[in-house]
Structures are given as C-alpha cells and as structure tokens.
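Engineer: Quick one: the structure is below, and I'll ask about it shortly.
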There are 2 protein chains.
Amino acid sequence: MLKSINLSYKKLLNKTKDLIILQTVQSIIQWDMETMMPPKAVEQRSYQLALLSRMEHKISTSPEMGRLINEIKSNANYEILDQIKKRNFQLIKKNYEEQTQLPENLVSETTRQQVLTVNSWKKAKASKDYSRLKPDLDKLIDLNKKVAEILMKVKKTSTPYNALIDNYEPKTNTQTISKVFAQLQSGIKKLLIKIQDCPGYKNKQISKIQIPVEKQRKIAQLIAKSLGYDVVSTNSGGRIDETEHPFTTGYYDDVRITTHFHPNNYISAILSVLHETGHALYEQNINQEWKYQPIGSISSYGFHESQSRLYENIIGRSQEFWNHLLPRLKKITSPLLDDLSLDQFLILINQVKPSKIRIEADEVTYNLHIIIRYQIEKALFENEIDVSELPEVWNQKYEDLLGLKIENDSEGIMQDTHWASGYYGYFPSYAIGNVYSGQIFQALNLNVGKVKAQIKEGKLKEVNLWLKQNVHYFGSLYEPNELIEKISGEKINAQPYIKYLQEKYKKLYCF
Amino acid sequence: MLKSINLSYKKLLNKTKDLIILQTVQSIIQWDMETMMPPKAVEQRSYQLALLSRMEHKISTSPEMGRLINEIKSNANYEILDQIKKRNFQLIKKNYEEQTQLPENLVSETTRQQVLTVNSWKKAKASKDYSRLKPDLDKLIDLNKKVAEILMKVKKTSTPYNALIDNYEPKTNTQTISKVFAQLQSGIKKLLIKIQDCPGYKNKQISKIQIPVEKQRKIAQLIAKSLGYDVVSTNSGGRIDETEHPFTTGYYDDVRITTHFHPNNYISAILSVLHETGHALYEQNINQEWKYQPIGSISSYGFHESQSRLYENIIGRSQEFWNHLLPRLKKITSPLLDDLSLDQFLILINQVKPSKIRIEADEVTYNLHIIIRYQIEKALFENEIDVSELPEVWNQKYEDLLGLKIENDSEGIMQDTHWASGYYGYFPSYAIGNVYSGQIFQALNLNVGKVKAQIKEGKLKEVNLWLKQNVHYFGSLYEPNELIEKISGEKINAQPYIKYLQEKYKKLYCF
C-alpha cells in the first residue's frame, strides 16, 4: 500500500511537471508578445495563447489526473506522506478541483479576450479614448465574472471577488484586506500631513537632469549586478528588456525583467529595475530541488511584491544603498550628475507628492493608489458599479483620496494594463506586499547584525542570503499567511511598515 | 453523405488548426532560444521543446484524427471534394500516417537531444574541439537513424536517407538529386576554371572597409525595405535580430529574420539580409485564406531556398539592384564608402574564390559546399561512414572539390549548426533552391517585361507581385515537382541556373 501511494504520487507529479513546463512556455510566449512581437501578429498570438491555455486546462483536468488524486486521497497511508509530498498533493488537488469546474471554452475564450483587450487598451490609451476600450473590457469582465462565480463555489469563498483574490493571495479575503488597508490608509494619511506640514517640504524639490537612454541601460545593469541579479555572464539566467510597463517573468534559470527608459526621467528606470530585480531574485532563489513541482513557485503575489518592494524601497531608496552606489552611477553618467550630492539624490528618489500615475508614485502615497483600485474592483465584482461608470468612479476617488483632478482617462482609469490583461483581484497584492515587506525587514534586522552598515558598504551578500533562506527558498511550501508568521512571528500587520515609513521620512524631512 | 464528408473534413481541419498553431508556438520558442534566451536556461528549454514536440505528436496521432481520416477516405463522395480540400486531406493523412508510426518517446527524446547537441556544438566550436561534440552528435544521429528507418516504411522510399530527404523535399530522392548535382558540379567546375583563367581575375580583389555595427543595422533595414519586407511600420509583421548563424522563422503575420554584424565584413550582413528577406517574403505571401490549413505553408525547403537565393543572388547581387541602392547605402555609411564605385562594389559582392565557410561562399562555389554535405549525409545514413570519421571525410572532400586545406574542425565539420540541430536531408535543399531559382528567374523574364530595367530603377513591385502570384501564393497546394513544372514548364533542371551564372560572370570577368 505504501508502495502504491508513492507510485501514484510519482505519476501525479510527472503529469504536473508537464503542466508546469507548459506554463513556462506560456510565460515566454507572453513575454515575447510584450517585448518582441511584430504588431501585425496580435491576432495570431491570441490564437496561440488560447490554444496553450486550452492545453493547460486539458492537462489540469485530465481524467488520469483525477484518478491519481482520488487514489492518493483515499489511500490509507496518506498520513504517512511527508510534508513536501502532502503540500504538493494539496496544491495539485486544489488546482484540479478548480480547473475541472471551469469549462474549456470559457478558459480559452477568456485568454483570447485578454489578448484582444490589451490591444484595445493600447489603442485607447494612445488616443485617450476610453470608449475604444470599453466594449472589450466589458466582455472580459463578464467572462471573469463567470469564472469568479464558478471558483467561488469550489473555493468556498463568501463572494466571487474573494475567489479572485484567492488566486493571487490564497486564504486571504476582503475582510482581512479591508482591515489591513484601513490601518494602512490611516497611518499614511497622518504621515502625509506631517510631511506636507514640514517647513522644509516645499524647498526639497530638485529638478531632474536628462540622462541619455544608452547611459540608463548601463545604470540598469549596474543596479542588477549590485543586487546580485546576473544578466551578463556566460551563465546568466536573466535579461533586461524594454516595455512601457515594467514586469518580471520566468522560472528558475530563465527569469527576465523589463523596464522603460525615458531620457527625462532616469529615476523611473532606476526604481523599476530595483523593483523588478527583487521579483527576479525571488524566482531564482526558490529551492532548486523543487523545480517542476507545485511547491517550486512563489508563495503568493503579495509575497512577490514584498520582495520587489523591499529591494526597491526599503533597500533601494535608502541612504545606505546609495552611499555606496551613487559614485558608480555618477561615473557612468559623468559629467551630467557630477554636482549631485547624496542628500539631493535621496530627496529625488524619495519625493513625497500625490501623483496621478501609480507606477510613478512615491513610496508613501503608492498605497493610496492600490486602495483605490481595490475599492473599485470590489465594487465592480460585487455589481455595485458597471464598466461604463469606471472613469467617473476612478476620477472621484482620486480627488477624494489624493486630492487630484484627472484630466483624461489615459492618466486615469487606463493607466494600468492589469484590468485589460484580465488581472482582477491582483491589485491588493501590491499593498499587501508593502505590508509584508515591513514585517520581513523587521525580522531581517532582528536576525542579521548591522544590516544598514553592510548595505552602506555595498555588501548585500548576507542580506540576500537571509532573504533566500528565510523567504525565497520556501517557494509555496507554506500558505502566505503561514509563511509571514513563520518569518515575523505574527499575522499580517501594517504597523511595522508604517513605523518604517515614519522613521525614514522623519529623518528625511526632519519633522 | 455529402453533408457528412464535409462535416468530417471541417472537424479534421479544426484539429489540424490546433496542430499548426502549436507549431507556430514551437517556432517562437525556438527563435527565442537562438536570439534572446539567457544561457543558463538551456536545460529548461530542452524540456519545453520536448514537451511541445510530444504534444504535437499527440495531436498528430490522436485516435479522433485517425477516425476522421478513415471516414473521409472511405466516403463514397471523396471524389467530389475540390482540389483544395483533397490536397489538405492528403497532407493531413500523410502526416498522420508518418507520425503514428513514430513512438512518442522517440520524438520527444530526439527533440531534447537536439537542444543538448546544439549546446555541445556551440562549446565544441568555440574550443575547436570535435571530441566535445561527438558523443551528443552520435546519440542524435542514432535517434535520427531510428526515425529514418521507420519513415522509410511509411513513405515507401528505397532508403532511410530518402525518407529524410522527403521531409524537406517531398517526392525527391537521391537518384534525382545525384543526377542534378552532377550536372551542377560539372557546369560549375567549367565556369570556375574560366573565371580563374581570366586575366583580370587576380586584379579584381578589393579590400573591405570597416563599417560600424550601428550603420550595418541601418543598412539591414534599408535592404529589407527595398525588397518590400516591413520591419518598422506600426503594422509590420517582421523583425531583424542578431544570431551567429542567420535564419528566418515565422508564420504569415509574424515572420522574423536574423543576421550577424561583423564590423570587418559588412558584405556578409548585406548578403544574409537579402537571403533571409527572400525567405520572409515567401512566408508572408502565402494565400491568407489558407492560414492554419496544411496548404498554407511553403511547398518545400528547396522552394524556400529558391526564393532566398533569388533575392540574395539573382536580384541582390546584380548590377541593376545596386545601381539603385548603392547611393543610399553610401548615404548611410558616409563618408566611409564615398570612394567606392558601382563596379568595385559588384566585384566585392561577386568575388569568386573557393573558401572554407559555406555561408561566406560566393554564388558559384557555394554549390560545391552543398554537394560535399550531401555526399557525406548520404554516406552517413547509408552506414558507409560513422560519426568518428566525419572530420577526416570532410577535410578530404574540401581538398578534392575546393582545393582547400581545413586547419581545424571549427572551420570544417563544425561550421554549420544543421547536423547538431537534427536537420538531416536538409542540405540538398540549398542547391535544389539554386537550381529552381534559375528556372523561376527564366520564367519571370518570359512573363514580365523589362525586369532588369525595373530593378535598375528600384521598382521591385512587379517582380514581387509575379513571384507572389506564381510561387509564394500557392503554399503547398502543389508538390514541389508539380510547382516547378507549373512555373517553368519543365522538371527540375540545372541548365537555366548554369546559364545564368555563365552569362553573369562572363560579363563581370570578361572571359
């Protein structure tokens, strides 16, 4: 019997290996679509992605898969399986149960509609015309509502939207999120008032110098290298490309990031490379022995964001980090930034100012952008608003929470690709990631000595190793709520993050 | 009954559509491997490609596919199907019959071994050490011999090697090829002696000026544009990237070429872009209505080469073409090539001189490189030589046919990626392509007035249109031997090509 359960497990893992490899193919095809694909190929690509998602669905739901799951589940020796095997099995079972409930046509139609909607989004954004996006977005949201209705039943969540959240942040729901976000919003509002009331606030505006794109490419490589992300050696497992909206994609030995280079905003490229490199390190550092197993993947998107935010903000916008790196940056750009002092540069990368565009937002107000999106998604999937109302609701919230007037939908509702790409329930992950990053950084400082002093000397080795061994390595062996407790000793909690922000900005703005 | 055959046909075509889309995914994944993939990802990629080929094989050989084929084959109304449906059916049936005989493990193992062998080839070539390639090449050839043995029975060819040839040039065999190649070899040898005996031959050597890579990139775009291959517009369906070994890959609206840029050899990039653009135009010009159908693909690799060779050599190395384009080339490179005359440039791109590297060979001796490879492949698959003897046999043939002494295996047996990539039976296509290009160009001149005068004015529109309507458009509606007869009025025949070479080089070298 023990032999038989191990054999079934081995067979099940083999089938899952196919599934995971197929998903890595999808991610390359998607990466190509964003970075390399000739524009005429949009329709062809939509068929390719639809086929791949249909095949993925077919493997996920194959009768053989169901048979093996039942064999293991009902086997008397189930309890004897070790923790790793049990967790792999649970993840496979969860995916099987969810996917078998989703009709193949709904899955492939949703994928195809995503590709078409992204294409409409590009055109609509370029022409600042929401009406060019609306029909496709309408269809895509309808399809996702159908998906959410089905998943709600399988996942046994209280609402369809909670089922979507569970796709990105398992075991989390609007109850927890709303509570944490309220904590976050209140902390940030107080901090923002303090910063804006600070006498030095207005004076601390420094104009940005133009840096040619070629130099910015070199800066991107410098940053990647300084964080330990290899994109140049003959055994490198990464690369940096250009897209309007930066992202990271990949698996173990092939994890790629993208960024954008605007001559008049080199800070933007610096921050996005810091951010995406955090994502990339996480993906590359998962236990190599778990490759092609369900546990050999990130714990949640919130955890993914916690690592990108930690590297981007907590490390990458710190005085210590730039104390070491700024001289190297200046060497690349010489003589353009020769006169820039470390203090000035720190103000430049830490300017707190409510702004319209999320990806250009400062570390403090960023969370308000996410809270807005979360509230809108929630209302949308709880049928309180519809697609035609989105611009109006969006603009109102930006006025209420950030005090900003949105002039057109390209700087408003259409600024992000997420909704056009079919990511619903994803946005909360960004702020959850910030919250986790505060908890993780606190734990890092408790467990590793002289963290700031090491960063100041450009020595990230010990910090990277701790993050690898205590966060990245575990993949999805644990649920995210278990993992954050294992790391920090407590449940999700915004206080450490708010405290980190308060201390940092107190020092920067001397309030 | 008529309704039933049409329904079966429709279902069969739908299943085939999946197969074709999956193949286009494979080609993107392969393109990525050659152009973009980080080096560490080799092993991951081998699993991805193996999975895709396994899935391709699964669809090709599915019982549903077999059932539908039988239904149509045995249907009393089969003869009523039109030419297009019949041809699609025959192509599907051929693929099904072949694939069902190939065990799934053999297919995926061969694909995986290909990826590993290409990787070994890269290392072996870099270190000029054939012993680093040999073990993997041995395995790959053994696997391909197994494949060839199986295919021989299905295709009913007289030898395993003929079965491999049929993969690239259907309905052609060593009997035909050996005859045409003998004709070709004799014609070329005579021409070569005439050229080398010519009093002006030795004087006509012009040294090449260094052109920076950035300028060469612009030249590549100029050439693509001048031939009608769009790689820049907002509705472009193409792109140009860099690989050591240039190639073309893609399907209809997404056809990509690669080239290499060596500062000390700008001519090489010019010729490879001309060549690959010919391939790209062929792929893009196939009847759009046949997309995702078997007939919506090239007729054969010989035909593919006929188009690349026609654009590269017959058009692209002609006085007329450069009469128009050289001034533009000079503008891009100014002042580096300001002193270069059209006559000098023509000698530069038409220098006839036996050389060791196939892809750098001139138009005349190129065919001898192919004849050598054909003879070796034939001997290898007819078990007259084995993998350990390859370098020796190679070097001997280069001495015999081209009078050259090979110094190391990187400039000898390991110069091409083809054998390491698992392309056996492919090499003959290059010379068959040359032969076809002579026949097609003759037909073009008979049917389109003042071809040379039009090219001289940079007007390729009518030439392109004729090629599109008479060659490209037909995809694989016809077997290649039928298509060449339809176009030229005769079977494959090396004489028009030899005549073209004679006339051209007589004029260039005044013998």
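All residue names refer to the structure tokens as shown: chains lettered A, B, ... in order, residues numbered from 1 in each chain, ligands numbered from 1 in order.
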Residues at most 12 Å from region 170-177 of chain A, counting only C-alpha atoms, excluding those fewer than 2 positions away in the same chain, as number ranges by chain?
Structural biologist: A: 91, 94, 152, 155-168, 179-185, 298-303, 370-371, 374-375, 377-379, 381-382, 425-433, 435, 476, 478-483, 491-494
Engineer: Which residues of chain B come within 6 Å of chain A, and what is each one's closest atom pair and distance in Å (one decimal), counting only C-alpha atoms, sorted by chain and residue number, as JSON lines?
Structural biologist:
{"residue": "B:Ile21", "atom": "CA", "partner": "A:Gln48", "partner_atom": "CA", "distance": 5.9}
{"residue": "B:Pro38", "atom": "CA", "partner": "A:Gly237", "partner_atom": "CA", "distance": 5.1}
{"residue": "B:Pro39", "atom": "CA", "partner": "A:Asn235", "partner_atom": "CA", "distance": 5.4}
{"residue": "B:Lys40", "atom": "CA", "partner": "A:Gly237", "partner_atom": "CA", "distance": 4.9}
{"residue": "B:Ala41", "atom": "CA", "partner": "A:Asp253", "partner_atom": "CA", "distance": 5.1}
{"residue": "B:Gln48", "atom": "CA", "partner": "A:Ile21", "partner_atom": "CA", "distance": 5.9}
{"residue": "B:Asn235", "atom": "CA", "partner": "A:Lys40", "partner_atom": "CA", "distance": 5.0}
{"residue": "B:Ser236", "atom": "CA", "partner": "A:Lys40", "partner_atom": "CA", "distance": 5.5}
{"residue": "B:Gly237", "atom": "CA", "partner": "A:Lys40", "partner_atom": "CA", "distance": 4.9}
{"residue": "B:Gly238", "atom": "CA", "partner": "A:Pro38", "partner_atom": "CA", "distance": 5.7}
{"residue": "B:Asp253", "atom": "CA", "partner": "A:Ala41", "partner_atom": "CA", "distance": 5.0}
{"residue": "B:Asp254", "atom": "CA", "partner": "A:Ala41", "partner_atom": "CA", "distance": 5.3}
Engineer: Using DSSP on the backbone coordinates, identify the residues of region 222-424 of chain B assigned to strand (DSSP E); present them as a list of chain:residue names.
Structural biologist: B:Gly238, B:Arg239, B:Ile240, B:Asp241, B:Glu242, B:Thr248, B:Thr249, B:Gly250, B:Tyr251, B:Asp254, B:Val255, B:Arg256, B:Ile257, B:Thr258, B:Thr259
Engineer: Using the selection just defined, write its residues with C-alpha atoms as a CSV table (one decimal), in the first residue's frame.
Structural biologist:
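As a result, selection_30.csv now contains:
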chain,number,residue,atom,x,y,z
B,238,GLY,CA,8.6,41.2,-39.3
B,239,ARG,CA,11.8,42.0,-37.3
B,240,ILE,CA,15.5,41.6,-37.7
B,241,ASP,CA,17.6,40.2,-34.8
B,242,GLU,CA,21.2,39.0,-34.4
B,248,THR,CA,14.2,33.0,-40.8
B,249,THR,CA,11.3,31.8,-38.8
B,250,GLY,CA,7.6,32.5,-38.5
B,251,TYR,CA,4.1,32.3,-40.0
B,254,ASP,CA,4.9,37.2,-37.7
B,255,VAL,CA,7.9,36.3,-39.8
B,256,ARG,CA,11.3,37.2,-38.3
B,257,ILE,CA,14.8,37.1,-39.8
B,258,THR,CA,18.2,37.2,-38.1
B,259,THR,CA,21.6,38.3,-39.4
Engineer: In Å, how far is it from CA of Asn265 (chain B) to CA of Thr35 (chain A)?
Structural biologist: 29.5 Å
Engineer: I need the residue nearest Lys353 (chain A) from this list: A:Asn75, A:Gln196, A:Ser297, A:Asn464. Use only C-alpha atoms for the distance.
Structural biologist: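 Closest to Lys353 (chain A) of all the choices is A:Gln196.
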Engineer: Find the distance between CA of Ile347 (chain B) and CA of Gln442 (chain B) and write it in Å to one decimal.
Structural biologist: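 It comes out at 23.6 Å.
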Engineer: When you look at His245 (chain A) with a cut-off of 10 Å (counting only C-alpha atoms), what residues show up, excluding the ones that are within fewer than 4 positions of it in the same chain? I need them as number ranges by chain.
Structural biologist: A: 34, 258-260, 272, 359, 415-417
Engineer: So that I can check the surroundings of Ile195 (chain A), please list as a list of chain:residue names every protein, DNA and RNA residue that reaches within 8 Å of it, counting only C-alpha atoms and ignoring chain neighbours fewer than 3 positions away.
Structural biologist: A:Leu191, A:Leu192, A:Cys198, A:Tyr201, A:Val352, A:Tyr505, A:Lys506, A:Tyr509, A:Phe511
Engineer: Could the residues in this selection be written to a file with C-alpha atoms, as an mmCIF file, in the first residue's frame?
Structural biologist:
data_model
loop_
_atom_site.group_PDB
_atom_site.id
_atom_site.type_symbol
_atom_site.label_atom_id
_atom_site.label_comp_id
_atom_site.auth_asym_id
_atom_site.auth_seq_id
_atom_site.Cartn_x
_atom_site.Cartn_y
_atom_site.Cartn_z
ATOM 1 C CA LEU A 191 2.265 60.698 7.839
ATOM 2 C CA LEU A 192 1.391 62.610 4.680
ATOM 3 C CA CYS A 198 7.071 70.189 7.361
ATOM 4 C CA TYR A 201 8.936 70.171 2.362
ATOM 5 C CA VAL A 352 6.594 62.518 -1.459
ATOM 6 C CA TYR A 505 10.579 60.311 6.461
ATOM 7 C CA LYS A 506 11.096 61.877 9.848
ATOM 8 C CA TYR A 509 12.110 65.817 6.314
ATOM 9 C CA PHE A 511 9.527 66.858 11.282
#
Engineer: Using only C-alpha atoms, which of the listed residues (A:Ala76, A:Ala280, A:Leu508, A:Ile498) sits closest to Glu305 (chain A)?
Structural biologist: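 Of all the options, A:Ala280 lies closest to Glu305 (chain A).
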Engineer: Do you have the CA of Arg373 (chain A)-CA of Trp394 (chain A) distance handy?
Structural biologist: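 Value for the CA of Arg373 (chain A)-CA of Trp394 (chain A) distance: 8.2 Å.
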Engineer: Can you tell me, as a ChimeraX atom specification, which residues in region 53-199 of chain A count as helix (DSSP H, G or I) by DSSP?
Structural biologist: /A:53-60,63-73,78-80,83-101,104-126,130-132,134-155,160-168,174-197
Engineer: My list of candidates is B:Leu326, B:Ala453, B:Ile188, B:Ile315. Which is closest to Leu340 (chain B) when distances are computed with only C-alpha atoms?
Structural biologist: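 Between B:Leu326, B:Ala453, B:Ile188, B:Ile315, the residue approaching Leu340 (chain B) most closely is B:Leu326.
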Engineer: Mind checking which residues fall within 8 Å of Gln114 (chain B), counting only C-alpha atoms, ignoring those fewer than 6 positions away in the same chain, and posting them as a PyMOL selection string?
Structural biologist: chain B and resi 140+420-422
Engineer: With C-alpha atoms retained, write the just-selected residues as a compact mmCIF listing (two decimals), in the first residue's frame.
Structural biologist:
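Here's the written file out-v5.txt:
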# COMPACT_ATOMS: atom_id res chain seq x y z
CA LEU B 140 21.39 12.39 -32.17
CA ALA B 420 23.76 19.38 -34.42
CA SER B 421 20.20 20.72 -34.80
CA GLY B 422 18.98 17.44 -36.26
Engineer: Do a neighbour search on region 227-229 of chain A at 7 Å with only C-alpha atoms, toss out local chain neighbours closer than 4 positions, and write the hits as a list in words.
Structural biologist: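 What passes the distance filter is Ile223, Thr277, Leu281 and Leu460 of chain A.
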Engineer: Using only C-alpha atoms, which residues sit within 7 Å of region 206-217 of chain B once same-chain residues fewer than 6 positions away are excluded, as a list of chain:residue names?
Structural biologist: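 In the requested format, the answer is B:Phe261, B:His262, B:Pro263, B:Asn264, B:Asn265, B:Tyr266, B:Ile332, B:Thr333, B:Leu348.
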